[in-house]
>>> print(open('work-v9.txt').read())   # compact mmCIF, C-alpha atoms
# COMPACT_ATOMS: atom_id res chain seq x y z
CA MET D 1 73.49 88.86 -33.47
CA THR D 2 71.60 87.52 -30.44
CA THR D 3 72.64 88.06 -26.86
CA THR D 4 71.77 86.17 -23.74
CA GLU D 5 71.12 88.15 -20.59
CA ASP D 6 73.53 87.40 -17.76
CA PRO D 7 71.53 85.58 -15.05
CA GLN D 8 73.48 87.55 -12.47
CA THR D 9 72.09 90.84 -13.80
CA ALA D 10 68.55 89.70 -14.72
CA PRO D 11 65.73 91.43 -12.81
CA ALA D 12 64.93 89.77 -9.50
CA VAL D 13 61.26 90.78 -9.80
CA ASP D 14 58.88 87.93 -10.65
CA PRO D 15 56.98 88.75 -13.89
CA GLY D 16 54.11 86.47 -12.84
CA PRO D 17 51.79 89.26 -11.65
CA LEU D 18 52.30 91.09 -14.94
CA ILE D 19 51.43 87.99 -16.96
CA ARG D 20 48.34 87.31 -14.84
CA LEU D 21 47.21 90.92 -15.27
CA THR D 22 47.72 90.68 -19.03
CA ILE D 23 45.30 87.75 -19.31
CA ALA D 24 42.88 88.76 -16.54
CA ASP D 25 39.99 89.17 -18.95
CA CYS D 26 40.28 85.49 -19.93
CA ALA D 27 38.94 84.42 -16.52
CA ALA D 28 35.98 86.77 -16.85
CA LYS D 29 35.16 85.40 -20.30
CA VAL D 30 35.19 81.85 -18.92
CA LEU D 31 32.61 82.92 -16.34
CA HIS D 32 30.50 84.72 -18.95
CA SER D 33 30.47 81.67 -21.23
CA ALA D 34 29.60 79.30 -18.38
CA VAL D 35 26.57 81.46 -17.52
CA THR D 36 25.49 81.76 -21.15
CA LEU D 37 25.81 78.02 -21.78
CA GLY D 38 23.94 77.10 -18.60
CA VAL D 39 26.71 75.16 -16.86
CA PHE D 40 25.62 76.11 -13.35
CA GLY D 41 21.99 75.23 -14.02
CA VAL D 42 23.00 71.80 -15.31
CA LEU D 43 25.04 71.18 -12.16
CA ALA D 44 22.37 72.48 -9.78
CA GLY D 45 21.33 68.85 -9.19
CA ASP D 46 23.59 65.84 -9.11
CA PRO D 47 27.30 66.01 -10.04
CA ALA D 48 28.15 65.10 -13.62
CA ASP D 49 31.24 64.19 -15.60
CA ALA D 50 32.64 66.27 -18.43
CA ALA D 51 30.88 64.26 -21.14
CA GLU D 52 27.48 64.70 -19.49
CA VAL D 53 27.99 68.45 -18.93
CA ALA D 54 29.13 68.83 -22.53
CA ARG D 55 26.10 66.93 -23.84
CA ARG D 56 23.62 68.97 -21.81
CA THR D 57 25.16 72.39 -22.53
CA GLY D 58 26.29 71.95 -26.12
CA ILE D 59 29.99 72.37 -25.30
CA HIS D 60 32.24 70.60 -27.80
CA HIS D 61 33.97 67.55 -26.33
CA ARG D 62 37.40 68.92 -27.32
CA MET D 63 36.89 72.06 -25.23
CA ALA D 64 35.02 70.64 -22.23
CA PRO D 65 37.84 69.28 -20.01
CA ASP D 66 39.98 72.42 -19.97
CA PHE D 67 36.92 74.67 -19.72
CA LEU D 68 35.42 72.84 -16.76
CA ASP D 69 38.74 72.48 -14.99
CA ALA D 70 39.35 76.19 -15.48
CA LEU D 71 36.06 76.81 -13.68
CA VAL D 72 37.35 74.57 -10.89
CA GLY D 73 40.53 76.60 -10.70
CA LEU D 74 38.51 79.81 -10.55
CA GLY D 75 36.55 78.51 -7.56
CA LEU D 76 33.24 78.20 -9.41
CA LEU D 77 33.11 74.40 -9.71
CA GLU D 78 34.43 71.52 -7.62
CA ARG D 79 35.74 68.22 -9.05
CA THR D 80 35.71 64.87 -7.26
CA GLY D 81 36.55 61.60 -9.00
CA GLY D 82 36.11 63.15 -12.43
CA ARG D 83 32.65 64.53 -11.64
CA TYR D 84 31.82 68.21 -11.35
CA ARG D 85 29.48 70.12 -9.08
CA ASN D 86 28.85 73.78 -8.31
CA SER D 87 31.03 75.40 -5.66
CA PRO D 88 29.34 77.18 -2.74
CA LEU D 89 29.87 80.50 -4.54
CA ALA D 90 28.16 79.24 -7.70
CA ARG D 91 25.34 77.62 -5.72
CA ALA D 92 24.70 80.93 -3.97
CA TYR D 93 24.67 83.24 -6.99
CA LEU D 94 24.80 81.43 -10.33
CA VAL D 95 21.93 78.93 -10.33
CA PRO D 96 19.14 80.26 -12.58
CA ASP D 97 15.72 80.92 -11.02
CA SER D 98 17.17 81.20 -7.53
CA SER D 99 16.29 84.33 -5.55
CA THR D 100 19.96 85.33 -5.36
CA TYR D 101 20.85 84.72 -9.03
CA LEU D 102 23.45 87.15 -10.37
CA GLY D 103 23.86 85.56 -13.79
CA GLY D 104 21.89 88.34 -15.45
CA PHE D 105 24.40 90.85 -14.19
CA VAL D 106 27.25 88.65 -15.43
CA GLU D 107 25.68 88.58 -18.90
CA LEU D 108 25.09 92.30 -18.77
CA THR D 109 28.74 93.07 -18.12
CA ASN D 110 29.80 90.81 -20.95
CA GLU D 111 27.41 92.58 -23.31
CA THR D 112 28.21 96.11 -22.18
CA LEU D 113 31.70 96.52 -20.79
CA TYR D 114 34.01 94.90 -23.32
CA GLY D 115 33.15 97.13 -26.26
CA THR D 116 33.51 100.24 -24.14
CA TRP D 117 36.75 99.25 -22.45
CA GLY D 118 38.15 98.22 -25.81
CA ARG D 119 38.21 101.94 -26.60
CA LEU D 120 40.11 102.92 -23.44
CA THR D 121 43.26 104.01 -25.31
CA GLU D 122 41.19 106.28 -27.56
CA ALA D 123 39.47 107.76 -24.51
CA LEU D 124 42.77 108.36 -22.74
CA ARG D 125 44.02 110.29 -25.74
CA SER D 126 40.86 112.29 -26.41
CA GLY D 127 39.34 112.64 -22.96
CA GLU D 128 35.96 111.87 -24.53
CA PRO D 129 33.47 109.30 -23.22
CA GLN D 130 33.07 106.24 -25.38
CA HIS D 131 29.52 105.30 -24.46
CA LEU D 132 26.99 108.07 -23.85
CA ASP D 133 24.65 106.20 -21.53
CA ALA D 134 25.27 108.44 -18.55
CA ASP D 135 21.91 107.77 -16.90
CA LYS D 136 22.99 104.36 -15.59
CA GLY D 137 26.74 104.26 -15.98
CA GLY D 138 26.59 102.91 -19.52
CA PHE D 139 24.23 100.03 -18.66
CA VAL D 140 20.88 101.33 -19.90
CA GLY D 141 20.83 103.54 -22.97
CA ASP D 142 18.46 102.23 -25.64
CA ARG D 143 17.34 99.33 -23.44
CA HIS D 144 14.50 101.62 -22.37
CA GLU D 145 13.32 101.39 -25.98
CA ASP D 146 13.34 97.58 -25.85
CA PRO D 147 11.19 96.40 -22.91
CA ALA D 148 12.42 92.81 -23.11
CA ARG D 149 16.07 93.84 -22.90
CA MET D 150 15.32 96.30 -20.13
CA LYS D 151 13.54 93.65 -18.07
CA ARG D 152 16.49 91.31 -18.48
CA PHE D 153 18.86 94.06 -17.39
CA LEU D 154 16.83 94.91 -14.30
CA ALA D 155 16.31 91.27 -13.38
CA GLY D 156 20.07 90.85 -13.49
CA LEU D 157 20.40 93.61 -10.92
CA ASP D 158 17.58 92.49 -8.61
CA ALA D 159 19.68 89.94 -6.72
CA TYR D 160 22.30 92.62 -6.21
CA SER D 161 19.75 95.14 -4.94
CA ASP D 162 18.32 92.44 -2.68
CA ARG D 163 21.66 92.26 -0.89
CA MET D 164 22.08 96.03 -0.88
CA GLY D 165 18.61 96.50 0.56
CA ALA D 166 19.27 93.94 3.28
CA GLU D 167 22.46 95.79 4.23
CA LEU D 168 20.73 99.18 4.28
CA ALA D 169 18.02 97.68 6.48
CA ARG D 170 20.70 97.04 9.10
CA CYS D 171 22.55 100.33 8.72
CA LEU D 172 19.83 102.65 10.00
CA ASP D 173 17.18 102.59 12.70
CA TRP D 174 14.22 102.55 10.34
CA THR D 175 11.75 102.19 13.20
CA ARG D 176 12.09 105.93 13.73
CA ARG D 177 11.30 106.74 10.08
CA SER D 178 8.02 106.39 8.25
CA SER D 179 8.98 107.10 4.63
CA PHE D 180 11.89 107.18 2.20
CA VAL D 181 12.62 108.11 -1.40
CA ASP D 182 14.99 106.05 -3.54
CA LEU D 183 16.46 108.35 -6.18
CA GLY D 184 16.97 106.43 -9.40
CA GLY D 185 14.97 103.58 -7.86
CA ALA D 186 14.22 101.98 -11.27
CA ARG D 187 11.54 99.32 -10.86
CA GLY D 188 11.62 99.52 -7.08
CA ASN D 189 13.38 96.35 -6.03
CA LEU D 190 15.56 97.91 -3.33
CA ALA D 191 12.54 99.79 -1.98
CA ALA D 192 10.63 96.50 -1.88
CA VAL D 193 13.33 94.89 0.26
CA LEU D 194 13.19 97.71 2.79
CA VAL D 195 9.41 97.89 3.10
CA ARG D 196 9.25 94.14 3.55
CA ALA D 197 11.84 94.37 6.32
CA TYR D 198 9.91 97.25 7.95
CA PRO D 199 6.17 96.94 7.16
CA HIS D 200 5.42 100.40 8.58
CA LEU D 201 7.54 102.10 5.89
CA ARG D 202 6.17 103.77 2.77
CA ALA D 203 8.52 104.28 -0.17
CA THR D 204 8.69 106.34 -3.36
CA CYS D 205 10.93 105.55 -6.33
CA PHE D 206 11.91 108.75 -8.11
CA ASP D 207 13.16 108.02 -11.62
CA LEU D 208 12.66 109.01 -15.24
CA GLU D 209 9.07 108.75 -16.41
CA ARG D 210 9.99 106.14 -19.01
CA THR D 211 10.70 103.70 -16.15
CA ARG D 212 7.12 103.79 -14.82
CA PRO D 213 5.73 100.79 -16.80
CA LEU D 214 8.57 98.55 -15.60
CA PHE D 215 8.06 99.73 -12.03
CA THR D 216 4.30 99.18 -12.17
CA GLU D 217 4.69 95.64 -13.46
CA HIS D 218 7.39 94.64 -10.94
CA ILE D 219 5.91 96.21 -7.80
CA GLY D 220 2.44 95.02 -8.77
CA GLY D 221 3.78 91.50 -9.14
CA LEU D 222 5.30 91.73 -5.66
CA GLY D 223 1.98 92.87 -4.22
CA LEU D 224 3.44 96.11 -2.87
CA ALA D 225 1.66 98.74 -4.95
CA ASP D 226 0.00 100.14 -1.81
CA ARG D 227 3.37 100.70 -0.10
CA VAL D 228 5.81 101.62 -2.88
CA ALA D 229 4.86 104.50 -5.20
CA PHE D 230 6.51 105.91 -8.31
CA ALA D 231 7.30 109.56 -9.02
CA GLY D 232 8.51 110.36 -12.53
CA GLY D 233 10.80 113.29 -13.12
CA ASP D 234 14.27 114.77 -13.42
CA PHE D 235 16.46 115.07 -10.33
CA PHE D 236 17.47 118.63 -11.20
CA THR D 237 14.22 120.15 -12.44
CA ASP D 238 11.34 118.35 -10.73
CA PRO D 239 10.58 118.45 -7.01
CA ILE D 240 11.88 115.54 -4.96
CA PRO D 241 9.03 114.28 -2.73
CA ARG D 242 9.24 115.30 0.93
CA THR D 243 10.33 112.36 3.05
CA ASP D 244 12.20 111.16 6.14
CA VAL D 245 15.05 109.48 4.27
CA VAL D 246 16.53 109.89 0.80
CA VAL D 247 18.68 107.10 -0.68
CA LEU D 248 21.19 107.99 -3.40
CA GLY D 249 22.71 104.76 -4.67
CA HIS D 250 24.95 104.90 -7.75
CA ILE D 251 23.71 108.41 -8.48
CA LEU D 252 26.38 110.96 -7.59
CA HIS D 253 29.08 109.16 -9.60
CA GLY D 254 27.26 110.12 -12.79
CA PHE D 255 27.86 113.87 -12.37
CA ASP D 256 30.62 116.39 -11.84
CA THR D 257 31.20 118.05 -8.48
CA ALA D 258 29.04 121.09 -9.18
CA ARG D 259 26.05 118.96 -10.11
CA ARG D 260 26.62 116.72 -7.09
CA ARG D 261 26.50 119.72 -4.80
CA GLU D 262 23.38 120.96 -6.57
CA LEU D 263 21.60 117.63 -6.21
CA ILE D 264 22.56 117.25 -2.56
CA GLY D 265 21.15 120.72 -1.95
CA ARG D 266 17.86 119.64 -3.50
CA VAL D 267 17.89 116.50 -1.37
CA PHE D 268 18.43 118.59 1.76
CA GLU D 269 15.27 120.53 0.97
CA ALA D 270 13.33 117.28 0.47
CA VAL D 271 14.43 115.66 3.74
CA ARG D 272 12.22 116.56 6.67
CA PRO D 273 13.82 117.96 9.85
CA GLY D 274 15.31 115.10 11.83
CA GLY D 275 15.62 113.03 8.63
CA THR D 276 18.54 111.26 7.00
CA VAL D 277 20.35 110.89 3.69
CA LEU D 278 22.09 107.66 2.65
CA VAL D 279 24.67 107.81 -0.15
CA TYR D 280 26.40 104.72 -1.52
CA ASP D 281 28.81 104.28 -4.40
CA ARG D 282 32.10 102.52 -5.05
CA MET D 283 33.87 105.47 -3.48
CA ILE D 284 37.62 105.84 -3.86
CA ASP D 285 39.72 105.27 -0.76
CA ASP D 286 41.32 108.39 0.68
CA ASP D 287 44.86 107.59 -0.50
CA ARG D 288 43.61 106.50 -3.95
CA SER D 289 45.31 103.09 -3.88
CA ASP D 290 42.45 100.58 -4.22
CA PRO D 291 42.63 99.40 -7.85
CA GLU D 292 39.03 98.12 -7.99
CA ARG D 293 37.63 101.47 -6.86
CA LEU D 294 39.86 103.35 -9.30
CA LEU D 295 38.84 101.06 -12.17
CA SER D 296 35.21 101.77 -11.30
CA SER D 297 35.94 105.48 -11.45
CA LEU D 298 37.70 105.07 -14.78
CA HIS D 299 34.65 103.21 -16.07
CA MET D 300 32.43 106.16 -15.22
CA ARG D 301 34.77 108.45 -17.15
CA LEU D 302 34.57 106.06 -20.09
CA VAL D 303 30.78 106.02 -20.23
CA SER D 304 29.78 109.53 -19.23
CA PRO D 305 31.02 113.04 -20.01
CA ASP D 306 31.29 114.15 -16.37
CA GLY D 307 31.05 111.10 -14.10
CA SER D 308 33.62 109.47 -11.84
CA GLU D 309 33.82 107.93 -8.40
CA TYR D 310 34.81 110.16 -5.48
CA ARG D 311 36.20 109.91 -1.97
CA ALA D 312 33.99 109.47 1.08
CA ALA D 313 35.69 112.54 2.54
CA ASP D 314 34.53 114.58 -0.46
CA CYS D 315 30.97 113.30 -0.13
CA ARG D 316 30.88 114.16 3.57
CA ALA D 317 32.10 117.67 2.79
CA TRP D 318 29.35 118.16 0.17
CA LEU D 319 26.72 116.97 2.65
CA ARG D 320 27.97 119.34 5.35
CA GLY D 321 28.00 122.16 2.82
CA ALA D 322 24.32 121.55 2.11
CA GLY D 323 23.44 121.68 5.81
CA PHE D 324 23.53 118.02 6.87
CA THR D 325 25.31 117.09 10.11
CA ASP D 326 26.62 114.02 11.97
CA ASP D 327 27.98 112.47 8.80
CA ASP D 328 29.62 109.06 8.91
CA ALA D 329 31.15 106.59 6.43
CA GLN D 330 31.24 102.79 6.60
CA PRO D 331 32.00 99.86 4.27
CA LEU D 332 29.07 98.27 2.45
CA LEU D 333 29.07 94.75 0.95
CA GLY D 334 32.86 94.84 0.77
CA THR D 335 32.70 96.73 -2.54
CA HIS D 336 30.97 100.01 -1.67
CA THR D 337 31.04 102.80 0.86
CA LEU D 338 27.95 104.14 2.61
CA VAL D 339 27.89 107.74 3.83
CA THR D 340 25.12 108.68 6.24
CA ALA D 341 24.20 112.20 7.34
CA HIS D 342 21.31 113.83 9.16
CA LYS D 343 19.22 116.96 9.02
CA GLU D 344 18.80 118.65 12.37
CA ALA D 345 15.37 118.47 13.94
CA ALA D 346 13.30 121.64 13.93
>>> encode(input="work-v9.txt", output="structure tokens")
Amino acid sequence: MTTTEDPQTAPAVDPGPLIRLTIADCAAKVLHSAVTLGVFGVLAGDPADAAEVARRTGIHHRMAPDFLDALVGLGLLERTGGRYRNSPLARAYLVPDSSTYLGGFVELTNETLYGTWGRLTEALRSGEPQHLDADKGGFVGDRHEDPARMKRFLAGLDAYSDRMGAELARCLDWTRRSSFVDLGGARGNLAAVLVRAYPHLRATCFDLERTRPLFTEHIGGLGLADRVAFAGGDFFTDPIPRTDVVVLGHILHGFDTARRRELIGRVFEAVRPGGTVLVYDRMIDDDRSDPERLLSSLHMRLVSPDGSEYRAADCRAWLRGAGFTDDDAQPLLGTHTLVTAHKEAA
């Protein structure tokens, strides 16, 4: 027997948000496919109709209209008189070969995240990480063994680190500092942004020794080998070079609290008196209500045995415990939090 719910007693809550959440990954897959198929490169010049875009990208004519209009609805394309063009957002970040291209990062997430997050239920039941690539939040792993894949990964992050470096250049009076160390600096792109903004600065990227060839190639190509050096080693066993400023970006979220405190203590010893430490991550808001920050933290738990995001208040407490003073927290790029602290002058 079937029953019909009385409209007078039906829930007054709109189920729309639940439905949109259920299919949220569909929008991301549309973006991933558009990048892979080269839609934004095709539309970097003159506008084109659906047939022309389909011909130049290899999209089947049956799929093209809904696919392109979905990109319009997502704010990535604009449509006028049946012709499509890139939106300002796509022009800024999705046109290949531009200095701000983020398409490599888009492809990276498609390649890396879906398999891991597909095992979320298993992880919730077992408590075990599902992807043991803790050194870079699940993004690196065996890519170090494949130079071509590693270069593609790092190139995908360069536009992101360009923006992060530009923000860090404005967040500190670098004219009073002469050197800095970027922990986990990879091939040195963020360091390059800072030394270009402040030509008096000298930088050191401290990362695993296996990263050195990629660093040498990239920094050499930028013509900055005389200003950005590489130090290979382990954060916890090898000495961190003495410096005026240490940058820890996307580092502390890979460890548990005890290891974070240990690393900050080592950083304190490396920072010269009067120097500064800069820590940025997608830190959790104090009342733990921001879903994007919490999803980032859950991702770290999925890909590493001990990692997670943390609150800015916790980070400031760890820094004070190590001996730093005058700590402060501020938003960074709308997605991150930057905590700054100082070491008292001698």
>>> atom_distance(input="work-v9.txt", atom1="atom CA of D:Gly73", atom2="atom CA of D:Ala92")
17.7 Å
>>> residues_around(input="work-v9.txt", residues="D:Ser179", least_positions_apart="2", cutoff="10 Å", atoms="only C-alpha atoms", output="PDB file with C-alpha atoms, keeping the file's coordinate frame")
ATOM      1  CA  TRP D 174      14.220 102.550  10.340  1.00  0.00           C
ATOM      2  CA  ARG D 176      12.090 105.930  13.730  1.00  0.00           C
ATOM      3  CA  ARG D 177      11.300 106.740  10.080  1.00  0.00           C
ATOM      4  CA  VAL D 181      12.620 108.110  -1.400  1.00  0.00           C
ATOM      5  CA  VAL D 195       9.410  97.890   3.100  1.00  0.00           C
ATOM      6  CA  HIS D 200       5.420 100.400   8.580  1.00  0.00           C
ATOM      7  CA  LEU D 201       7.540 102.100   5.890  1.00  0.00           C
ATOM      8  CA  ARG D 202       6.170 103.770   2.770  1.00  0.00           C
ATOM      9  CA  ALA D 203       8.520 104.280  -0.170  1.00  0.00           C
ATOM     10  CA  THR D 204       8.690 106.340  -3.360  1.00  0.00           C
ATOM     11  CA  ARG D 227       3.370 100.700  -0.100  1.00  0.00           C
ATOM     12  CA  VAL D 228       5.810 101.620  -2.880  1.00  0.00           C
ATOM     13  CA  ARG D 242       9.240 115.300   0.930  1.00  0.00           C
ATOM     14  CA  THR D 243      10.330 112.360   3.050  1.00  0.00           C
ATOM     15  CA  ASP D 244      12.200 111.160   6.140  1.00  0.00           C
ATOM     16  CA  VAL D 245      15.050 109.480   4.270  1.00  0.00           C
ATOM     17  CA  VAL D 246      16.530 109.890   0.800  1.00  0.00           C
ATOM     18  CA  GLY D 275      15.620 113.030   8.630  1.00  0.00           C
TER      19      GLY D 275
END
>>> atom_distance(input="work-v9.txt", atom1="atom CA of D:Asp69", atom2="atom CA of D:Glu292")
26.6 Å
>>> residues_around(input="work-v9.txt", residues="D:His218", least_positions_apart="5", cutoff="12 Å", atoms="all atoms listed in the file", output="list in words")
Lys151, Leu154, Ala155, Asp158, Ala186, Arg187, Gly188, Asn189, Leu190, Ala191, Ala192, Thr211, Arg212, Pro213, Gly223, Leu224, Ala225, Val228, Ala229 and Phe230 of chain D
>>> residues_around(input="work-v9.txt", residues="D:Pro96", least_positions_apart="2", cutoff="10 Å", atoms="only C-alpha atoms", output="PDB file with C-alpha atoms, keeping the file's coordinate frame")
ATOM      1  CA  VAL D  35      26.570  81.460 -17.520  1.00  0.00           C
ATOM      2  CA  GLY D  38      23.940  77.100 -18.600  1.00  0.00           C
ATOM      3  CA  PHE D  40      25.620  76.110 -13.350  1.00  0.00           C
ATOM      4  CA  GLY D  41      21.990  75.230 -14.020  1.00  0.00           C
ATOM      5  CA  VAL D  42      23.000  71.800 -15.310  1.00  0.00           C
ATOM      6  CA  ALA D  44      22.370  72.480  -9.780  1.00  0.00           C
ATOM      7  CA  ARG D  91      25.340  77.620  -5.720  1.00  0.00           C
ATOM      8  CA  TYR D  93      24.670  83.240  -6.990  1.00  0.00           C
ATOM      9  CA  LEU D  94      24.800  81.430 -10.330  1.00  0.00           C
ATOM     10  CA  SER D  98      17.170  81.200  -7.530  1.00  0.00           C
ATOM     11  CA  SER D  99      16.290  84.330  -5.550  1.00  0.00           C
ATOM     12  CA  THR D 100      19.960  85.330  -5.360  1.00  0.00           C
ATOM     13  CA  TYR D 101      20.850  84.720  -9.030  1.00  0.00           C
ATOM     14  CA  LEU D 102      23.450  87.150 -10.370  1.00  0.00           C
ATOM     15  CA  GLY D 103      23.860  85.560 -13.790  1.00  0.00           C
ATOM     16  CA  GLY D 104      21.890  88.340 -15.450  1.00  0.00           C
TER      17      GLY D 104
END
>>> residues_near_point(input="work-v9.txt", point="(33.4, 104.5, -18.1)", cutoff="9 Å", atoms="only C-alpha atoms", output="list of chain:residue names")
D:Leu113, D:Thr116, D:Trp117, D:Leu120, D:Pro129, D:Gln130, D:His131, D:Gly137, D:Gly138, D:Leu295, D:Ser296, D:Ser297, D:Leu298, D:His299, D:Met300, D:Arg301, D:Leu302, D:Val303, D:Ser304, D:Gly307, D:Ser308
>>> atom_distance(input="work-v9.txt", atom1="atom CA of D:Phe215", atom2="atom CA of D:Gly185")
8.9 Å
>>> residues_near_point(input="work-v9.txt", point="(32.8, 112.8, -2.9)", cutoff="12 Å", atoms="all atoms listed in the file", output="NGL selection string")
:D and (251-261 or 264 or 279-286 or 297 or 307-321 or 329 or 337-339)
>>> closest_residue(input="work-v9.txt", among="D:Phe324, D:Phe67, D:Tyr160, D:Tyr84", to="D:Leu31", atoms="all atoms listed in the file")
D:Phe67
>>> residues_around(input="work-v9.txt", residues="D:Leu248", least_positions_apart="5", cutoff="8 Å", atoms="all atoms listed in the file", output="compact mmCIF listing (two decimals) with C-alpha atoms, keeping the file's coordinate frame")
# COMPACT_ATOMS: atom_id res chain seq x y z
CA ASP D 182 14.99 106.05 -3.54
CA LEU D 183 16.46 108.35 -6.18
CA GLY D 184 16.97 106.43 -9.40
CA VAL D 277 20.35 110.89 3.69
CA LEU D 278 22.09 107.66 2.65
CA VAL D 279 24.67 107.81 -0.15
CA TYR D 280 26.40 104.72 -1.52
>>> closest_residue(input="work-v9.txt", among="D:Gly45, D:Met63, D:Leu222, D:Met164", to="D:His250", atoms="all atoms listed in the file")
D:Met164
>>> residues_around(input="work-v9.txt", residues="D:Gly75", least_positions_apart="4", cutoff="9 Å", atoms="only C-alpha atoms", output="list in words")
Ala70, Leu71, Ser87, Pro88, Leu89 and Ala90 of chain D
>>> closest_residue(input="work-v9.txt", among="D:Leu77, D:Pro11, D:Arg20, D:Ala51", to="D:Ala34", atoms="all atoms listed in the file")
D:Leu77
>>> closest_residue(input="work-v9.txt", among="D:Glu128, D:Glu111, D:Asp46, D:Glu52", to="D:Asn86", atoms="only C-alpha atoms")
D:Asp46
>>> decode(input="work-v9.txt", residues="stretch 200-206 of chain D", atoms="all heavy atoms", output="CSV table (one decimal), in the first residue's frame")
chain,number,residue,atom,x,y,z
D,200,HIS,N,67.6,42.8,-2.3
D,200,HIS,CA,68.6,42.7,-1.3
D,200,HIS,C,68.6,41.3,-0.5
D,200,HIS,O,69.5,40.9,0.1
D,200,HIS,CB,68.6,43.8,-0.2
D,200,HIS,CG,67.4,43.7,0.7
D,200,HIS,ND1,66.1,44.0,0.4
D,200,HIS,CD2,67.4,43.2,2.0
D,200,HIS,CE1,65.3,43.7,1.4
D,200,HIS,NE2,66.0,43.3,2.4
D,201,LEU,N,67.4,40.6,-0.6
D,201,LEU,CA,67.2,39.4,0.1
D,201,LEU,C,68.1,38.2,-0.5
D,201,LEU,O,68.2,38.1,-1.7
D,201,LEU,CB,65.8,39.0,0.1
D,201,LEU,CG,64.8,39.8,1.1
D,201,LEU,CD1,63.4,39.3,0.8
D,201,LEU,CD2,65.2,39.5,2.5
D,202,ARG,N,68.5,37.3,0.4
D,202,ARG,CA,69.0,36.1,0.0
D,202,ARG,C,68.2,35.0,0.6
D,202,ARG,O,67.8,35.1,1.8
D,202,ARG,CB,70.5,35.9,0.4
D,202,ARG,CG,71.4,36.9,-0.3
D,202,ARG,CD,71.5,36.7,-1.8
D,202,ARG,NE,72.4,37.6,-2.5
D,202,ARG,CZ,72.0,38.8,-3.0
D,202,ARG,NH1,70.7,39.1,-2.9
D,202,ARG,NH2,72.8,39.5,-3.7
D,203,ALA,N,67.9,33.9,-0.1
D,203,ALA,CA,67.0,32.9,0.3
D,203,ALA,C,67.6,31.5,0.3
D,203,ALA,O,68.6,31.3,-0.5
D,203,ALA,CB,65.7,32.9,-0.5
D,204,THR,N,67.1,30.6,1.1
D,204,THR,CA,67.5,29.2,1.1
D,204,THR,C,66.2,28.4,1.1
D,204,THR,O,65.4,28.6,2.0
D,204,THR,CB,68.4,28.8,2.3
D,204,THR,OG1,69.6,29.6,2.3
D,204,THR,CG2,68.8,27.4,2.3
D,205,CYS,N,66.1,27.4,0.2
D,205,CYS,CA,65.0,26.4,0.3
D,205,CYS,C,65.6,25.2,1.0
D,205,CYS,O,66.5,24.6,0.5
D,205,CYS,CB,64.6,26.1,-1.1
D,205,CYS,SG,63.7,27.4,-1.9
D,206,PHE,N,64.9,24.8,2.0
D,206,PHE,CA,65.3,23.6,2.8
D,206,PHE,C,64.3,22.5,2.5
D,206,PHE,O,63.1,22.7,3.0
D,206,PHE,CB,65.4,24.0,4.3
D,206,PHE,CG,65.9,22.9,5.2
D,206,PHE,CD1,67.3,22.6,5.1
D,206,PHE,CD2,65.1,22.2,6.0
D,206,PHE,CE1,67.8,21.5,5.9
D,206,PHE,CE2,65.6,21.2,6.8
D,206,PHE,CZ,67.0,20.8,6.7
